[in-house]
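Right, one structure below, let's go through it.
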Amino acid sequence: MTVNGRTHVIVHEARVSLLDLLREQMALPGTKKGCNEGACGACTVLLDGARINACMTLAAACDGRAIVTVEGLASADGTLDAVQRAFIAEDAFQCGYCTPGQIVSAVACIREGHAGSATEIAEWMSGNLCRCAAYPQIVAAVERAAAELGAAGRAVHPSGAVQPATVLSVRAG
Amino acid sequence: MRNFTYGHAASIGDAVSAAAGGAALAAGTTELLNWMRLGIAHPERVVDVSRLPELDGIRAEGGRLVIGALATLGAVGAHALVRERAPVLAEACLRAASPQLRNRATLGGNVLQRTRCPYFRAEAPVPERMPWACNKRVAGSGCSALEGGWDRAALFGWTDACVATQPSDPAVALSALGAEAEIQGPRGVRRIAMNAFHLTQEEAARTAPTSNTAAFGVETQLRSDEIILRYHVPADAASRRSAYLKVRERESYEYAMVSAAACLDATDGRIRQLRLALGSVAQKPMRLTEAEARLRDAPLSEATIRAAIVAALGAARPLPGQAWKTKLVENAAVRAVLTAGGIA
């Protein structure tokens, strides 16, 4: 599989989730393990450009596919992604545990064209729980990033479906 | 989670053979992984069917929509054809789970999800350590939910052995649409109406009369060696004018307390055809066929619709303390019809 632009060949047990593979075998601890049952969204990553719960996905199912984690959002020179900068600018985290999943989810939310209003953002970010309740700041951060990215930040298929082949910029491998 | 072997099916026939041999078929795994972690399922073989092109795609065909079993809830919800010709299904898909889960969960797998009853979903690695009674987990152990105040318990078709409800949103829409599932097994291809796909506890007990306990594991007409290939969805006038109403404890990312799907063909203030299904009130989506028949050619008015729905709900058997749920279903059903009719 390709992770953050680099191709890897990995040997692992069949029962290993994508989440455990990223954290424990690939030294990518940015993707957080929260509920491990698809409820909290702390493990959100992009699979072929679409946001998914890494905890509910077998690593084996990702053979030949492209993964982007929170570590893959910044440029090679360390320049943060617009969504990352917006989260800092709006102080959109307290304990920070859910933040990587929130940021990855927000990247997808904006690209899907679901960041048109605070209400729409709340609905389409509902797969990410923040137990500190930093929701007002998170919504503000998504609004700020969406405004900055503008129309260029969205890549929506004519049918309304997200174009799976559209992957955000990944760090050079 | 116990370990297992994992492989990809090379063909539908491959998948059917694997299922017949006891393998678990997997696509999105958003439900299967939970079963394995909770100790509900322990497959020794998992066969991934998610790369079979025959199971994919959404298209119009002869006045119907044909939706592959691998279509994700997100894709179905966003698809222009579905939104135009069967909006109730798009709405039901987009009100299910979260965007992340909808990107993985497939329409084929979704209808096979099992009850969210907390007594069933208790984490118990081995059955002997089940901390309370649940006939679905340990046959013959009893049903804690009967006296456990589970507010999503069934109103219809339950037995003293189980009061579980089926939680799928899309299944309710598919029932109201009059959709059929096309299924392949070792004996060939067959179709099952989604109205009849799931079984209530009473129906399951009749289906498996040889062993009273066997009924707890029988929740659908799908056999263990069969796979859902695709759905055939009528895109008639009623389907085009349809609505899904989901009542839940919080606004988003929650299972339904009750839900209602209505497909309505009405002109000049009169109902030509109505198809109405309720969710989270039984172990299956409940089509209100009596009310549907009674409302044919009736005026499209709240009083008329409510009277027919109240009559249809007369068979409800709420558990102690849950009479409110019958009223909630009544109101949800009325509002779904009025919403489909554009007057709510």
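By order of appearance in the structure tokens: chains A, B, ..., then residues from 1 within every chain, and ligands from 1 in the order shown.
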Residues of chain B within 7 Å of chain A: nearest atom pair and distance (Å, one decimal) for each, counting only C-alpha atoms, sorted by chain and number, as a tab-separated table?
residue	atom	partner	partner_atom	distance
B:Asn3	CA	A:Arg15	CA	5.6
B:Phe4	CA	A:Ala14	CA	6.3
B:Thr5	CA	A:Ala14	CA	6.2
B:Tyr6	CA	A:Ala14	CA	5.8
B:Thr29	CA	A:Thr57	CA	6.4
B:Thr30	CA	A:Met56	CA	5.3
B:Leu33	CA	A:Met56	CA	6.4
B:Asn34	CA	A:Glu37	CA	6.4
B:Ala75	CA	A:Ala161	CA	5.9
B:Ala78	CA	A:Gly160	CA	5.3
B:His79	CA	A:Ser159	CA	5.6
B:Ala80	CA	A:Ser159	CA	5.4
B:Ser98	CA	A:Gly127	CA	4.6
B:Pro99	CA	A:Gly127	CA	6.3
B:Gln100	CA	A:Ile52	CA	4.1
B:Leu101	CA	A:Ile52	CA	6.2
B:Asn103	CA	A:Ile52	CA	6.2
B:Arg104	CA	A:Ile52	CA	6.7
B:Ser252	CA	A:Glu123	CA	6.5
B:Tyr253	CA	A:Ser126	CA	6.3
Please write the residues from the selection above to a file, keeping N, CA, C and O atoms, as an mmCIF file, in the first residue's frame.
data_model
loop_
_atom_site.group_PDB
_atom_site.id
_atom_site.type_symbol
_atom_site.label_atom_id
_atom_site.label_comp_id
_atom_site.auth_asym_id
_atom_site.auth_seq_id
_atom_site.Cartn_x
_atom_site.Cartn_y
_atom_site.Cartn_z
ATOM 1 N N ASN B 3 -7.421 -14.822 15.380
ATOM 2 C CA ASN B 3 -6.875 -14.669 14.041
ATOM 3 C C ASN B 3 -7.691 -15.493 13.034
ATOM 4 O O ASN B 3 -8.454 -16.380 13.417
ATOM 5 N N PHE B 4 -7.507 -15.184 11.767
ATOM 6 C CA PHE B 4 -8.251 -15.861 10.714
ATOM 7 C C PHE B 4 -7.440 -15.760 9.437
ATOM 8 O O PHE B 4 -6.474 -14.999 9.361
ATOM 9 N N THR B 5 -7.822 -16.518 8.439
ATOM 10 C CA THR B 5 -7.185 -16.356 7.128
ATOM 11 C C THR B 5 -7.994 -15.353 6.330
ATOM 12 O O THR B 5 -9.202 -15.213 6.515
ATOM 13 N N TYR B 6 -7.304 -14.643 5.442
ATOM 14 C CA TYR B 6 -7.945 -13.582 4.676
ATOM 15 C C TYR B 6 -7.572 -13.721 3.217
ATOM 16 O O TYR B 6 -6.399 -13.925 2.884
ATOM 17 N N THR B 29 -16.571 -4.161 6.137
ATOM 18 C CA THR B 29 -16.199 -4.678 7.470
ATOM 19 C C THR B 29 -16.607 -3.766 8.634
ATOM 20 O O THR B 29 -16.149 -3.958 9.754
ATOM 21 N N THR B 30 -17.451 -2.769 8.373
ATOM 22 C CA THR B 30 -17.839 -1.882 9.474
ATOM 23 C C THR B 30 -18.705 -2.596 10.507
ATOM 24 O O THR B 30 -18.856 -2.117 11.629
ATOM 25 N N LEU B 33 -16.154 -6.477 11.775
ATOM 26 C CA LEU B 33 -15.070 -6.310 12.754
ATOM 27 C C LEU B 33 -15.628 -6.116 14.161
ATOM 28 O O LEU B 33 -15.062 -6.615 15.133
ATOM 29 N N ASN B 34 -16.755 -5.404 14.270
ATOM 30 C CA ASN B 34 -17.372 -5.266 15.592
ATOM 31 C C ASN B 34 -17.814 -6.621 16.126
ATOM 32 O O ASN B 34 -17.618 -6.932 17.303
ATOM 33 N N ALA B 75 -22.036 6.725 -1.439
ATOM 34 C CA ALA B 75 -22.216 6.829 -2.891
ATOM 35 C C ALA B 75 -23.693 6.820 -3.260
ATOM 36 O O ALA B 75 -24.131 7.574 -4.137
ATOM 37 N N ALA B 78 -25.294 10.160 -2.401
ATOM 38 C CA ALA B 78 -24.868 11.297 -3.225
ATOM 39 C C ALA B 78 -25.256 11.146 -4.685
ATOM 40 O O ALA B 78 -25.155 12.100 -5.454
ATOM 41 N N HIS B 79 -25.715 9.953 -5.084
ATOM 42 C CA HIS B 79 -25.893 9.692 -6.504
ATOM 43 C C HIS B 79 -27.111 10.431 -7.087
ATOM 44 O O HIS B 79 -28.213 10.341 -6.551
ATOM 45 N N ALA B 80 -26.878 11.129 -8.188
ATOM 46 C CA ALA B 80 -27.937 11.966 -8.771
ATOM 47 C C ALA B 80 -29.172 11.141 -9.153
ATOM 48 O O ALA B 80 -30.312 11.580 -8.949
ATOM 49 N N SER B 98 -21.939 7.815 10.108
ATOM 50 C CA SER B 98 -21.161 9.044 9.933
ATOM 51 C C SER B 98 -20.564 9.037 8.528
ATOM 52 O O SER B 98 -20.523 7.993 7.872
ATOM 53 N N PRO B 99 -20.061 10.191 8.051
ATOM 54 C CA PRO B 99 -19.463 10.206 6.707
ATOM 55 C C PRO B 99 -18.356 9.154 6.545
ATOM 56 O O PRO B 99 -18.264 8.503 5.499
ATOM 57 N N GLN B 100 -17.528 8.981 7.576
ATOM 58 C CA GLN B 100 -16.446 7.997 7.482
ATOM 59 C C GLN B 100 -16.986 6.577 7.290
ATOM 60 O O GLN B 100 -16.468 5.799 6.494
ATOM 61 N N LEU B 101 -17.994 6.230 8.089
ATOM 62 C CA LEU B 101 -18.555 4.882 7.987
ATOM 63 C C LEU B 101 -19.322 4.714 6.682
ATOM 64 O O LEU B 101 -19.286 3.644 6.064
ATOM 65 N N ASN B 103 -18.568 5.896 3.910
ATOM 66 C CA ASN B 103 -17.622 5.675 2.815
ATOM 67 C C ASN B 103 -17.150 4.231 2.723
ATOM 68 O O ASN B 103 -16.530 3.836 1.737
ATOM 69 N N ARG B 104 -17.399 3.433 3.764
ATOM 70 C CA ARG B 104 -16.976 2.031 3.760
ATOM 71 C C ARG B 104 -18.185 1.085 3.728
ATOM 72 O O ARG B 104 -18.145 0.049 3.078
ATOM 73 N N SER B 252 -27.713 13.938 14.983
ATOM 74 C CA SER B 252 -26.885 13.314 13.962
ATOM 75 C C SER B 252 -26.169 12.096 14.536
ATOM 76 O O SER B 252 -25.975 11.990 15.744
ATOM 77 N N TYR B 253 -25.741 11.195 13.647
ATOM 78 C CA TYR B 253 -24.877 10.073 14.021
ATOM 79 C C TYR B 253 -25.463 9.282 15.189
ATOM 80 O O TYR B 253 -24.865 9.138 16.247
#
Set the distance at 10 Å and use only C-alpha atoms: which residues neighbour Arg2 of chain B once local chain neighbours fewer than 2 positions away are removed? I'd like the list as number ranges by chain.
A: 14-15; B: 4, 36-37, 39, 41-44, 125
If you run DSSP on the backbone, which residues of segment 12-44 of chain B are helix (DSSP H, G or I), as a PyMOL selection string?
chain B and resi 12-20+32-38
Let's have the selection written as a tab-separated table (two decimals), in the first residue's frame, with all heavy atoms.
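Done, and the output landed in selection.tsv:
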chain	number	residue	atom	x	y	z
B	12	ILE	N	-17.87	-14.38	-8.24
B	12	ILE	CA	-19.06	-14.59	-7.39
B	12	ILE	C	-19.12	-16.06	-6.96
B	12	ILE	O	-19.41	-16.37	-5.81
B	12	ILE	CB	-20.36	-14.24	-8.16
B	12	ILE	CG1	-20.28	-12.83	-8.74
B	12	ILE	CG2	-21.58	-14.43	-7.28
B	12	ILE	CD1	-20.49	-11.73	-7.78
B	13	GLY	N	-18.84	-16.95	-7.90
B	13	GLY	CA	-18.87	-18.38	-7.59
B	13	GLY	C	-17.91	-18.73	-6.47
B	13	GLY	O	-18.22	-19.53	-5.58
B	14	ASP	N	-16.76	-18.12	-6.53
B	14	ASP	CA	-15.75	-18.25	-5.49
B	14	ASP	C	-16.30	-17.85	-4.12
B	14	ASP	O	-16.13	-18.54	-3.11
B	14	ASP	CB	-14.61	-17.26	-5.85
B	14	ASP	CG	-13.25	-17.83	-5.65
B	14	ASP	OD1	-13.14	-19.07	-5.57
B	14	ASP	OD2	-12.29	-17.04	-5.55
B	15	ALA	N	-16.97	-16.71	-4.12
B	15	ALA	CA	-17.52	-16.19	-2.86
B	15	ALA	C	-18.60	-17.12	-2.32
B	15	ALA	O	-18.64	-17.41	-1.11
B	15	ALA	CB	-18.10	-14.78	-3.10
B	16	VAL	N	-19.46	-17.61	-3.20
B	16	VAL	CA	-20.53	-18.50	-2.77
B	16	VAL	C	-19.95	-19.81	-2.21
B	16	VAL	O	-20.39	-20.29	-1.16
B	16	VAL	CB	-21.50	-18.78	-3.95
B	16	VAL	CG1	-22.47	-19.90	-3.61
B	16	VAL	CG2	-22.26	-17.50	-4.31
B	17	SER	N	-18.93	-20.34	-2.89
B	17	SER	CA	-18.30	-21.57	-2.39
B	17	SER	C	-17.68	-21.34	-1.02
B	17	SER	O	-17.79	-22.18	-0.12
B	17	SER	CB	-17.20	-22.04	-3.34
B	17	SER	OG	-17.72	-22.24	-4.61
B	18	ALA	N	-17.03	-20.19	-0.87
B	18	ALA	CA	-16.40	-19.88	0.41
B	18	ALA	C	-17.45	-19.77	1.51
B	18	ALA	O	-17.28	-20.30	2.62
B	18	ALA	CB	-15.59	-18.58	0.29
B	19	ALA	N	-18.56	-19.09	1.20
B	19	ALA	CA	-19.61	-18.93	2.20
B	19	ALA	C	-20.19	-20.28	2.58
B	19	ALA	O	-20.46	-20.56	3.75
B	19	ALA	CB	-20.70	-18.00	1.66
B	20	ALA	N	-20.38	-21.15	1.57
B	20	ALA	CA	-20.90	-22.49	1.84
B	20	ALA	C	-19.96	-23.27	2.74
B	20	ALA	O	-20.38	-24.13	3.52
B	20	ALA	CB	-21.14	-23.23	0.52
B	32	LEU	N	-18.73	-6.43	10.53
B	32	LEU	CA	-18.06	-7.70	10.82
B	32	LEU	C	-16.95	-7.54	11.88
B	32	LEU	O	-16.83	-8.37	12.78
B	32	LEU	CB	-17.49	-8.30	9.53
B	32	LEU	CG	-16.79	-9.65	9.67
B	32	LEU	CD1	-17.78	-10.72	10.12
B	32	LEU	CD2	-16.11	-10.07	8.36
B	33	LEU	N	-16.15	-6.48	11.78
B	33	LEU	CA	-15.07	-6.31	12.75
B	33	LEU	C	-15.63	-6.12	14.16
B	33	LEU	O	-15.06	-6.62	15.13
B	33	LEU	CB	-14.16	-5.13	12.38
B	33	LEU	CG	-13.17	-5.34	11.25
B	33	LEU	CD1	-12.16	-4.20	11.21
B	33	LEU	CD2	-12.44	-6.66	11.38
B	34	ASN	N	-16.75	-5.40	14.27
B	34	ASN	CA	-17.37	-5.27	15.59
B	34	ASN	C	-17.81	-6.62	16.13
B	34	ASN	O	-17.62	-6.93	17.30
B	34	ASN	CB	-18.57	-4.31	15.53
B	34	ASN	CG	-18.15	-2.85	15.64
B	34	ASN	OD1	-17.10	-2.54	16.22
B	34	ASN	ND2	-18.95	-1.96	15.09
B	35	TRP	N	-18.41	-7.44	15.27
B	35	TRP	CA	-18.84	-8.78	15.72
B	35	TRP	C	-17.65	-9.58	16.23
B	35	TRP	O	-17.72	-10.25	17.25
B	35	TRP	CB	-19.48	-9.56	14.57
B	35	TRP	CG	-20.80	-9.03	14.09
B	35	TRP	CD1	-21.56	-8.04	14.67
B	35	TRP	CD2	-21.52	-9.47	12.95
B	35	TRP	NE1	-22.69	-7.85	13.92
B	35	TRP	CE2	-22.70	-8.70	12.87
B	35	TRP	CE3	-21.28	-10.44	11.98
B	35	TRP	CZ2	-23.65	-8.87	11.86
B	35	TRP	CZ3	-22.22	-10.63	10.97
B	35	TRP	CH2	-23.39	-9.85	10.92
B	36	MET	N	-16.54	-9.50	15.51
B	36	MET	CA	-15.38	-10.31	15.91
B	36	MET	C	-14.77	-9.78	17.20
B	36	MET	O	-14.31	-10.54	18.04
B	36	MET	CB	-14.37	-10.35	14.77
B	36	MET	CG	-14.91	-11.11	13.54
B	36	MET	SD	-13.64	-11.61	12.36
B	36	MET	CE	-13.31	-10.10	11.52
B	37	ARG	N	-14.77	-8.47	17.37
B	37	ARG	CA	-14.21	-7.90	18.60
B	37	ARG	C	-15.09	-8.17	19.81
B	37	ARG	O	-14.60	-8.35	20.92
B	37	ARG	CB	-13.99	-6.40	18.44
B	37	ARG	CG	-12.81	-6.09	17.53
B	37	ARG	CD	-12.71	-4.62	17.22
B	37	ARG	NE	-11.56	-4.38	16.33
B	37	ARG	CZ	-11.48	-3.36	15.49
B	37	ARG	NH1	-12.44	-2.47	15.43
B	37	ARG	NH2	-10.42	-3.21	14.73
B	38	LEU	N	-16.41	-8.18	19.60
B	38	LEU	CA	-17.33	-8.39	20.72
B	38	LEU	C	-17.49	-9.87	21.05
B	38	LEU	O	-18.05	-10.22	22.09
B	38	LEU	CB	-18.71	-7.80	20.38
B	38	LEU	CG	-18.77	-6.29	20.22
B	38	LEU	CD1	-20.13	-5.85	19.69
B	38	LEU	CD2	-18.48	-5.59	21.54
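The gap separating atom CA of Ala173 of chain B from atom CA of Ala243 of chain B is 8.6 Å, in Å to one decimal.
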Determine which residues of segment 142-245 of chain B DSSP labels as strand (DSSP E or B) from the backbone of this structure, then write them out as a list in words.
Cys143, Thr159, Cys162, Glu180, Ala181, Glu182, Ile183, Gln184, Gly185, Gly188, Val189, Arg190, Arg191, Ile192, Ala193, His198, Thr220, Ile227, Ile228, Leu229, Arg230, Tyr231, His232, Val233, Pro234, Ser242, Ala243, Tyr244 and Leu245 of chain B
Ala106 of chain A environment, 9 Å, only C-alpha atoms, sequence neighbours closer than 5 positions dropped, as a list in words:
Val83, Gly101, Arg111, Ala115, Ile121, Trp124, Met125, Ala141, Val142 and Ala145 of chain A
Same residues, all heavy atoms, output as a short mmCIF file (atom, residue, chain, number, x, y, z; two decimals), in the first residue's frame:
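Dumped to again_3.cif:
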data_model
loop_
_atom_site.label_atom_id
_atom_site.label_comp_id
_atom_site.auth_asym_id
_atom_site.auth_seq_id
_atom_site.Cartn_x
_atom_site.Cartn_y
_atom_site.Cartn_z
N VAL A 83 -5.89 23.50 6.57
CA VAL A 83 -6.78 23.08 7.67
C VAL A 83 -6.01 23.05 8.98
O VAL A 83 -6.51 23.48 10.03
CB VAL A 83 -7.41 21.71 7.36
CG1 VAL A 83 -8.29 21.25 8.52
CG2 VAL A 83 -8.23 21.77 6.07
N GLY A 101 -7.75 13.33 13.83
CA GLY A 101 -8.92 12.82 13.12
C GLY A 101 -9.83 13.95 12.66
O GLY A 101 -10.38 13.92 11.56
N ARG A 111 -13.31 19.20 0.84
CA ARG A 111 -13.18 18.71 -0.55
C ARG A 111 -14.48 18.16 -1.08
O ARG A 111 -14.76 18.23 -2.28
CB ARG A 111 -12.10 17.63 -0.62
CG ARG A 111 -10.73 18.22 -0.38
CD ARG A 111 -9.64 17.33 -0.91
NE ARG A 111 -8.41 18.11 -0.93
CZ ARG A 111 -7.72 18.39 -2.02
NH1 ARG A 111 -8.10 17.93 -3.18
NH2 ARG A 111 -6.64 19.12 -1.96
N ALA A 115 -18.92 22.04 3.44
CA ALA A 115 -18.53 23.04 4.45
C ALA A 115 -19.17 24.38 4.14
O ALA A 115 -18.60 25.44 4.37
CB ALA A 115 -17.00 23.17 4.49
N ILE A 121 -21.47 21.98 8.33
CA ILE A 121 -20.20 21.50 8.88
C ILE A 121 -20.47 20.60 10.10
O ILE A 121 -19.89 19.53 10.25
CB ILE A 121 -19.29 22.68 9.26
CG1 ILE A 121 -18.80 23.38 7.99
CG2 ILE A 121 -18.09 22.20 10.10
CD1 ILE A 121 -18.14 24.73 8.24
N TRP A 124 -21.71 17.22 8.84
CA TRP A 124 -20.73 16.41 8.11
C TRP A 124 -19.45 16.18 8.89
O TRP A 124 -18.57 15.44 8.44
CB TRP A 124 -20.49 17.01 6.72
CG TRP A 124 -21.66 16.75 5.83
CD1 TRP A 124 -22.79 17.52 5.74
CD2 TRP A 124 -21.87 15.62 4.98
NE1 TRP A 124 -23.69 16.93 4.87
CE2 TRP A 124 -23.15 15.79 4.39
CE3 TRP A 124 -21.10 14.51 4.65
CZ2 TRP A 124 -23.67 14.85 3.48
CZ3 TRP A 124 -21.62 13.59 3.75
CH2 TRP A 124 -22.89 13.76 3.18
N MET A 125 -19.31 16.82 10.05
CA MET A 125 -18.18 16.52 10.95
C MET A 125 -18.66 15.67 12.13
O MET A 125 -17.91 15.45 13.08
CB MET A 125 -17.55 17.82 11.46
CG MET A 125 -16.75 18.60 10.42
SD MET A 125 -15.27 17.74 9.82
CE MET A 125 -14.23 17.78 11.29
N ALA A 141 -12.83 26.73 12.61
CA ALA A 141 -11.61 26.37 11.87
C ALA A 141 -11.95 25.81 10.49
O ALA A 141 -11.29 26.14 9.50
CB ALA A 141 -10.81 25.35 12.68
N VAL A 142 -12.99 24.98 10.42
CA VAL A 142 -13.38 24.41 9.13
C VAL A 142 -13.89 25.52 8.22
O VAL A 142 -13.56 25.58 7.03
CB VAL A 142 -14.44 23.30 9.31
CG1 VAL A 142 -14.88 22.74 7.95
CG2 VAL A 142 -13.89 22.17 10.18
N ALA A 145 -10.80 27.48 6.98
CA ALA A 145 -10.04 26.75 5.96
C ALA A 145 -10.81 26.67 4.65
O ALA A 145 -10.24 26.82 3.56
CB ALA A 145 -9.70 25.35 6.47
#
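Omitting Gln137 of chain A and its sequence neighbours fewer than 3 positions away, and counting only C-alpha atoms, the residues within 8 Å are A:Phe87, A:Glu90, A:Asp91, A:Ala92, A:Phe93, A:Ala134, A:Ala140, A:Ala141.
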If you keep N, CA and C atoms, can you produce a file of those selected residues as an mmCIF file, in the first residue's frame?
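Full text of selection_39.cif as output:
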data_model
loop_
_atom_site.group_PDB
_atom_site.id
_atom_site.type_symbol
_atom_site.label_atom_id
_atom_site.label_comp_id
_atom_site.auth_asym_id
_atom_site.auth_seq_id
_atom_site.Cartn_x
_atom_site.Cartn_y
_atom_site.Cartn_z
ATOM 1 N N PHE A 87 -6.908 25.270 12.323
ATOM 2 C CA PHE A 87 -7.150 24.718 13.665
ATOM 3 C C PHE A 87 -6.311 25.464 14.710
ATOM 4 N N GLU A 90 -7.783 29.102 15.142
ATOM 5 C CA GLU A 90 -9.059 29.176 15.862
ATOM 6 C C GLU A 90 -8.992 28.488 17.225
ATOM 7 N N ASP A 91 -7.828 28.006 17.621
ATOM 8 C CA ASP A 91 -7.661 27.315 18.907
ATOM 9 C C ASP A 91 -8.672 26.164 19.020
ATOM 10 N N ALA A 92 -8.697 25.338 17.966
ATOM 11 C CA ALA A 92 -9.767 24.350 17.827
ATOM 12 C C ALA A 92 -9.446 23.017 18.500
ATOM 13 N N PHE A 93 -8.755 23.058 19.625
ATOM 14 C CA PHE A 93 -8.504 21.815 20.354
ATOM 15 C C PHE A 93 -8.180 22.129 21.809
ATOM 16 N N ALA A 134 -14.879 21.248 22.106
ATOM 17 C CA ALA A 134 -14.316 22.401 21.401
ATOM 18 C C ALA A 134 -15.054 22.638 20.077
ATOM 19 N N ALA A 140 -15.470 26.782 13.483
ATOM 20 C CA ALA A 140 -14.844 28.024 12.997
ATOM 21 C C ALA A 140 -13.595 27.717 12.175
ATOM 22 N N ALA A 141 -12.831 26.727 12.609
ATOM 23 C CA ALA A 141 -11.610 26.369 11.872
ATOM 24 C C ALA A 141 -11.947 25.810 10.493
#
